[in-house]
Amino acid sequence: MQFYAVKKGRVPGVYNSWSECQEQISKFSGAAFKKFASEELAWDFVNGGSNSVQAAEQDTKWSSTSKQMLADLSTTLTKSVVMLDKQLNSIPNNLRNNKAVLAGFNETKADVIMCKNTVSSLLKLLGYDDSHSSSPSKRKGDDVTHDTAKKAKVQDSTDVSIPVVYTDGACFNNGKSNAQAGIGVWWGPNDKRNLSRRLPGRQTNNRAEIQAACEAVEQAKELGYTRLEIRTDSQFMISSMTQWIYGWKKRDWQLSGGGGPVKNMEDFKRLDGLCSDVKITWTHVKGHSGIEGNEQADSLANAGARKPM
């Protein structure tokens, strides 16, 4: 069993699952956390002891080669996405406009992006920053490869057949009794589907992130979409919907190791149900880094948080 120690976070302590740990450190400035095989070492780290530091250093030495191999794999997968785009652009127009050909390309590309996101999540869990590894794109740390300019543009769904939407959640005074949360959904400039709304119910940042995705998928279903790419700066959302949710459902929405019910279970159930009819590609983008869609979704979410209930 693994133990996740949060030395600096919303509620410092030792947690039995990565999802619980991430709730304490996500978007928390100066967060300090480590994974340990021993609960004793985990508490030692929280309390500022030296034993856990030595164990963490030893763990880093033992796993450095494995981490580098994963980082190399992450780079290869990123290059693969770019190569797929180039191949699609190089084929004759009559084939590029063929729905079967497009579906094949998009299916392959979605699988590669999902693998890339999984590898990136694993590297972050191991404490390895792969944003400095070699990449064919000029930007670092995100999975958007369609544009290498400073500001990423919305993917042209008429060219690659998968609609793209940016989602975000915001919460002022998160974790406090006077918290105010909002959701933002951005499809494009002056798009009537763009959404800014106050979050109903319990006011937390994570719930806002989940419900923003729910609204986007619901809009997609109303338009008859069967595929959708959701771009978000929330690694919590990416990990939840591409990794952890499968275990949660197998355990009847219980955390592993007897950790109790999944937090925000009803919100995740709603999102999971909506996604049953739409194949979602989850793409992580770096927050507050000049990516237009992300900045716009963030603005919409903040505006929503200021609205009355």
# chains A, B, ... in the order shown; residues from 1 in each chain; ligands from 1
>>> residues_around(residues="segment 251-259 of chain A", least_positions_apart="5", cutoff="12 Å", atoms="only C-alpha atoms", output="PyMOL selection string")
chain A and resi 1-3+14-20+244-246+264-269+272
>>> write_last_selection(atoms="N, CA and C atoms", output="PDB file, in the first residue's frame")
ATOM      1  N   MET A   1       0.842  -1.198   0.000  1.00  0.00           N
ATOM      2  CA  MET A   1       0.000   0.000   0.000  1.00  0.00           C
ATOM      3  C   MET A   1       0.878   1.250   0.000  1.00  0.00           C
ATOM      4  N   GLN A   2       0.465   2.277  -0.749  1.00  0.00           N
ATOM      5  CA  GLN A   2       1.212   3.527  -0.814  1.00  0.00           C
ATOM      6  C   GLN A   2       0.561   4.566   0.095  1.00  0.00           C
ATOM      7  N   PHE A   3       1.400   5.459   0.623  1.00  0.00           N
ATOM      8  CA  PHE A   3       0.924   6.526   1.490  1.00  0.00           C
ATOM      9  C   PHE A   3       1.379   7.866   0.899  1.00  0.00           C
ATOM     10  N   VAL A  14      -1.510  12.595   5.973  1.00  0.00           N
ATOM     11  CA  VAL A  14      -1.176  11.415   5.186  1.00  0.00           C
ATOM     12  C   VAL A  14      -2.467  10.842   4.591  1.00  0.00           C
ATOM     13  N   TYR A  15      -2.445  10.569   3.289  1.00  0.00           N
ATOM     14  CA  TYR A  15      -3.639  10.107   2.586  1.00  0.00           C
ATOM     15  C   TYR A  15      -3.373   8.750   1.924  1.00  0.00           C
ATOM     16  N   ASN A  16      -4.440   7.972   1.771  1.00  0.00           N
ATOM     17  CA  ASN A  16      -4.303   6.614   1.244  1.00  0.00           C
ATOM     18  C   ASN A  16      -4.414   6.519  -0.270  1.00  0.00           C
ATOM     19  N   SER A  17      -4.805   7.601  -0.933  1.00  0.00           N
ATOM     20  CA  SER A  17      -4.952   7.551  -2.387  1.00  0.00           C
ATOM     21  C   SER A  17      -4.443   8.846  -3.006  1.00  0.00           C
ATOM     22  N   TRP A  18      -4.018   8.739  -4.265  1.00  0.00           N
ATOM     23  CA  TRP A  18      -3.510   9.904  -4.984  1.00  0.00           C
ATOM     24  C   TRP A  18      -4.616  10.931  -5.202  1.00  0.00           C
ATOM     25  N   SER A  19      -5.862  10.477  -5.416  1.00  0.00           N
ATOM     26  CA  SER A  19      -6.957  11.419  -5.642  1.00  0.00           C
ATOM     27  C   SER A  19      -7.192  12.299  -4.415  1.00  0.00           C
ATOM     28  N   GLU A  20      -7.105  11.703  -3.217  1.00  0.00           N
ATOM     29  CA  GLU A  20      -7.269  12.489  -1.990  1.00  0.00           C
ATOM     30  C   GLU A  20      -6.123  13.465  -1.823  1.00  0.00           C
ATOM     31  N   TRP A 244      -8.549   6.860 -12.786  1.00  0.00           N
ATOM     32  CA  TRP A 244      -9.127   6.450 -11.501  1.00  0.00           C
ATOM     33  C   TRP A 244     -10.560   5.972 -11.593  1.00  0.00           C
ATOM     34  N   ILE A 245     -11.333   6.518 -12.529  1.00  0.00           N
ATOM     35  CA  ILE A 245     -12.766   6.224 -12.557  1.00  0.00           C
ATOM     36  C   ILE A 245     -13.052   4.741 -12.772  1.00  0.00           C
ATOM     37  N   TYR A 246     -12.165   4.038 -13.488  1.00  0.00           N
ATOM     38  CA  TYR A 246     -12.400   2.617 -13.742  1.00  0.00           C
ATOM     39  C   TYR A 246     -12.344   1.814 -12.434  1.00  0.00           C
ATOM     40  N   ASN A 264     -17.074  13.863  -4.305  1.00  0.00           N
ATOM     41  CA  ASN A 264     -17.763  14.382  -5.493  1.00  0.00           C
ATOM     42  C   ASN A 264     -18.318  13.243  -6.358  1.00  0.00           C
ATOM     43  N   MET A 265     -18.725  12.158  -5.705  1.00  0.00           N
ATOM     44  CA  MET A 265     -19.209  10.971  -6.406  1.00  0.00           C
ATOM     45  C   MET A 265     -20.383  11.288  -7.338  1.00  0.00           C
ATOM     46  N   GLU A 266     -21.365  12.037  -6.869  1.00  0.00           N
ATOM     47  CA  GLU A 266     -22.545  12.316  -7.683  1.00  0.00           C
ATOM     48  C   GLU A 266     -22.182  13.126  -8.920  1.00  0.00           C
ATOM     49  N   ASP A 267     -21.222  14.038  -8.780  1.00  0.00           N
ATOM     50  CA  ASP A 267     -20.788  14.837  -9.925  1.00  0.00           C
ATOM     51  C   ASP A 267     -20.109  13.946 -10.961  1.00  0.00           C
ATOM     52  N   PHE A 268     -19.241  13.049 -10.483  1.00  0.00           N
ATOM     53  CA  PHE A 268     -18.553  12.143 -11.401  1.00  0.00           C
ATOM     54  C   PHE A 268     -19.535  11.163 -12.054  1.00  0.00           C
ATOM     55  N   LYS A 269     -20.545  10.737 -11.305  1.00  0.00           N
ATOM     56  CA  LYS A 269     -21.549   9.841 -11.887  1.00  0.00           C
ATOM     57  C   LYS A 269     -22.299  10.529 -13.029  1.00  0.00           C
ATOM     58  N   ASP A 272     -19.867  10.732 -15.997  1.00  0.00           N
ATOM     59  CA  ASP A 272     -19.662   9.404 -16.574  1.00  0.00           C
ATOM     60  C   ASP A 272     -20.869   8.993 -17.409  1.00  0.00           C
TER      61      ASP A 272
END
>>> select_by_dssp(residues="segment 178-287 of chain A", states="alpha helix (DSSP H)", output="MDAnalysis selection string")
chainID A and resid 205:222 235:239 245:250 265:274
>>> write_last_selection(atoms="N, CA, C and O atoms", output="short mmCIF file (atom, residue, chain, number, x, y, z; two decimals), in the first residue's frame")
data_model
loop_
_atom_site.label_atom_id
_atom_site.label_comp_id
_atom_site.auth_asym_id
_atom_site.auth_seq_id
_atom_site.Cartn_x
_atom_site.Cartn_y
_atom_site.Cartn_z
N ASN A 205 -13.76 24.11 -5.96
CA ASN A 205 -13.09 24.20 -7.25
C ASN A 205 -13.22 22.90 -8.05
O ASN A 205 -13.50 22.92 -9.26
N ASN A 206 -13.02 21.76 -7.38
CA ASN A 206 -13.09 20.48 -8.10
C ASN A 206 -14.49 20.21 -8.66
O ASN A 206 -14.64 19.71 -9.77
N ARG A 207 -15.52 20.54 -7.87
CA ARG A 207 -16.89 20.36 -8.38
C ARG A 207 -17.13 21.25 -9.60
O ARG A 207 -17.79 20.84 -10.56
N ALA A 208 -16.58 22.46 -9.56
CA ALA A 208 -16.74 23.37 -10.70
C ALA A 208 -16.07 22.80 -11.95
O ALA A 208 -16.62 22.89 -13.05
N GLU A 209 -14.88 22.21 -11.79
CA GLU A 209 -14.19 21.60 -12.93
C GLU A 209 -15.03 20.47 -13.53
O GLU A 209 -15.18 20.36 -14.76
N ILE A 210 -15.59 19.62 -12.67
CA ILE A 210 -16.38 18.48 -13.14
C ILE A 210 -17.66 18.95 -13.84
O ILE A 210 -18.00 18.48 -14.93
N GLN A 211 -18.35 19.90 -13.22
CA GLN A 211 -19.62 20.35 -13.78
C GLN A 211 -19.43 21.15 -15.07
O GLN A 211 -20.30 21.15 -15.93
N ALA A 212 -18.29 21.82 -15.21
CA ALA A 212 -18.00 22.52 -16.48
C ALA A 212 -17.89 21.49 -17.60
O ALA A 212 -18.43 21.69 -18.71
N ALA A 213 -17.22 20.38 -17.33
CA ALA A 213 -17.11 19.31 -18.33
C ALA A 213 -18.48 18.72 -18.62
O ALA A 213 -18.81 18.41 -19.79
N CYS A 214 -19.30 18.55 -17.59
CA CYS A 214 -20.67 18.03 -17.78
C CYS A 214 -21.46 18.91 -18.75
O CYS A 214 -22.14 18.40 -19.67
N GLU A 215 -21.38 20.22 -18.55
CA GLU A 215 -22.13 21.14 -19.41
C GLU A 215 -21.65 21.04 -20.86
O GLU A 215 -22.45 21.07 -21.79
N ALA A 216 -20.33 20.91 -21.05
CA ALA A 216 -19.78 20.82 -22.40
C ALA A 216 -20.26 19.55 -23.11
O ALA A 216 -20.66 19.59 -24.28
N VAL A 217 -20.24 18.44 -22.39
CA VAL A 217 -20.67 17.17 -22.99
C VAL A 217 -22.17 17.21 -23.27
O VAL A 217 -22.64 16.71 -24.31
N GLU A 218 -22.92 17.82 -22.37
CA GLU A 218 -24.37 17.92 -22.57
C GLU A 218 -24.67 18.74 -23.83
O GLU A 218 -25.54 18.38 -24.63
N GLN A 219 -23.93 19.84 -24.02
CA GLN A 219 -24.10 20.65 -25.22
C GLN A 219 -23.76 19.83 -26.47
O GLN A 219 -24.46 19.90 -27.49
N ALA A 220 -22.67 19.06 -26.38
CA ALA A 220 -22.24 18.24 -27.52
C ALA A 220 -23.32 17.22 -27.89
O ALA A 220 -23.61 16.99 -29.07
N LYS A 221 -23.94 16.60 -26.88
CA LYS A 221 -24.99 15.61 -27.14
C LYS A 221 -26.20 16.26 -27.80
O LYS A 221 -26.80 15.68 -28.71
N GLU A 222 -26.55 17.46 -27.36
CA GLU A 222 -27.69 18.16 -27.95
C GLU A 222 -27.46 18.47 -29.42
O GLU A 222 -28.40 18.54 -30.22
N GLN A 235 -5.29 18.72 -14.12
CA GLN A 235 -4.76 17.37 -14.17
C GLN A 235 -5.63 16.42 -13.34
O GLN A 235 -5.73 15.23 -13.62
N PHE A 236 -6.28 16.98 -12.32
CA PHE A 236 -7.22 16.21 -11.51
C PHE A 236 -8.34 15.63 -12.39
O PHE A 236 -8.69 14.46 -12.26
N MET A 237 -8.87 16.45 -13.31
CA MET A 237 -9.93 15.98 -14.21
C MET A 237 -9.40 14.91 -15.16
O MET A 237 -10.05 13.87 -15.36
N ILE A 238 -8.22 15.15 -15.74
CA ILE A 238 -7.64 14.20 -16.69
C ILE A 238 -7.44 12.85 -16.01
O ILE A 238 -7.84 11.80 -16.53
N SER A 239 -6.80 12.85 -14.84
CA SER A 239 -6.52 11.60 -14.14
C SER A 239 -7.80 10.90 -13.70
O SER A 239 -7.92 9.68 -13.79
N ILE A 245 -11.33 6.52 -12.53
CA ILE A 245 -12.77 6.22 -12.56
C ILE A 245 -13.05 4.74 -12.77
O ILE A 245 -14.04 4.21 -12.27
N TYR A 246 -12.17 4.04 -13.49
CA TYR A 246 -12.40 2.62 -13.74
C TYR A 246 -12.34 1.81 -12.43
O TYR A 246 -13.15 0.92 -12.21
N GLY A 247 -11.39 2.15 -11.57
CA GLY A 247 -11.30 1.50 -10.27
C GLY A 247 -12.46 1.89 -9.37
O GLY A 247 -13.01 1.05 -8.63
N TRP A 248 -12.84 3.16 -9.40
CA TRP A 248 -13.97 3.61 -8.59
C TRP A 248 -15.23 2.81 -8.94
O TRP A 248 -15.95 2.36 -8.04
N LYS A 249 -15.49 2.65 -10.22
CA LYS A 249 -16.72 1.95 -10.64
C LYS A 249 -16.67 0.47 -10.26
O LYS A 249 -17.68 -0.11 -9.86
N LYS A 250 -15.49 -0.14 -10.37
CA LYS A 250 -15.34 -1.55 -9.99
C LYS A 250 -15.60 -1.74 -8.50
O LYS A 250 -16.11 -2.77 -8.06
N MET A 265 -18.72 12.16 -5.70
CA MET A 265 -19.21 10.97 -6.41
C MET A 265 -20.38 11.29 -7.34
O MET A 265 -20.40 10.85 -8.50
N GLU A 266 -21.37 12.04 -6.87
CA GLU A 266 -22.54 12.32 -7.68
C GLU A 266 -22.18 13.13 -8.92
O GLU A 266 -22.76 12.93 -9.99
N ASP A 267 -21.22 14.04 -8.78
CA ASP A 267 -20.79 14.84 -9.93
C ASP A 267 -20.11 13.95 -10.96
O ASP A 267 -20.36 14.06 -12.17
N PHE A 268 -19.24 13.05 -10.48
CA PHE A 268 -18.55 12.14 -11.40
C PHE A 268 -19.54 11.16 -12.05
O PHE A 268 -19.38 10.81 -13.23
N LYS A 269 -20.55 10.74 -11.30
CA LYS A 269 -21.55 9.84 -11.89
C LYS A 269 -22.30 10.53 -13.03
O LYS A 269 -22.58 9.92 -14.06
N ARG A 270 -22.61 11.80 -12.82
CA ARG A 270 -23.30 12.55 -13.87
C ARG A 270 -22.42 12.65 -15.12
O ARG A 270 -22.88 12.37 -16.24
N LEU A 271 -21.15 13.00 -14.92
CA LEU A 271 -20.23 13.13 -16.06
C LEU A 271 -20.03 11.80 -16.77
O LEU A 271 -20.04 11.72 -18.00
N ASP A 272 -19.87 10.73 -16.00
CA ASP A 272 -19.66 9.40 -16.57
C ASP A 272 -20.87 8.99 -17.41
O ASP A 272 -20.73 8.43 -18.50
N GLY A 273 -22.07 9.28 -16.90
CA GLY A 273 -23.29 8.94 -17.64
C GLY A 273 -23.39 9.72 -18.95
O GLY A 273 -23.76 9.16 -19.99
N LEU A 274 -23.04 11.00 -18.92
CA LEU A 274 -23.08 11.82 -20.12
C LEU A 274 -22.09 11.33 -21.17
O LEU A 274 -22.35 11.38 -22.37
#
>>> closest_residue(among="A:Lys27, A:Arg198, A:His284, A:Arg227", to="Ala301 of chain A", atoms="only C-alpha atoms")
A:Arg198
>>> closest_residue(among="A:Asp298, A:Asp44, A:Asp233, A:Glu23", to="Ile183 of chain A", atoms="only C-alpha atoms")
A:Asp298
>>> residues_around(residues="Leu300 of chain A", least_positions_apart="6", cutoff="8 Å", atoms="only C-alpha atoms", output="list in words")
Ile183, Gly184, Val185, Trp186, Leu195, Ser196 and Arg197 of chain A
>>> write_last_selection(atoms="C-alpha atoms", output="PDB file, in the first residue's frame")
ATOM      1  CA  ILE A 183     -18.013  27.174 -14.434  1.00  0.00           C
ATOM      2  CA  GLY A 184     -16.720  28.235 -17.842  1.00  0.00           C
ATOM      3  CA  VAL A 185     -17.183  26.548 -21.241  1.00  0.00           C
ATOM      4  CA  TRP A 186     -15.577  28.095 -24.341  1.00  0.00           C
ATOM      5  CA  LEU A 195     -21.154  29.421 -21.054  1.00  0.00           C
ATOM      6  CA  SER A 196     -20.522  31.299 -17.801  1.00  0.00           C
ATOM      7  CA  ARG A 197     -22.583  30.112 -14.853  1.00  0.00           C
TER       8      ARG A 197
END
>>> atom_distance(atom1="atom CA of Lys176 of chain A", atom2="atom CA of Ala42 of chain A")
26.8 Å
>>> atom_distance(atom1="atom CA of Gln22 of chain A", atom2="atom CA of Thr242 of chain A")
15.2 Å
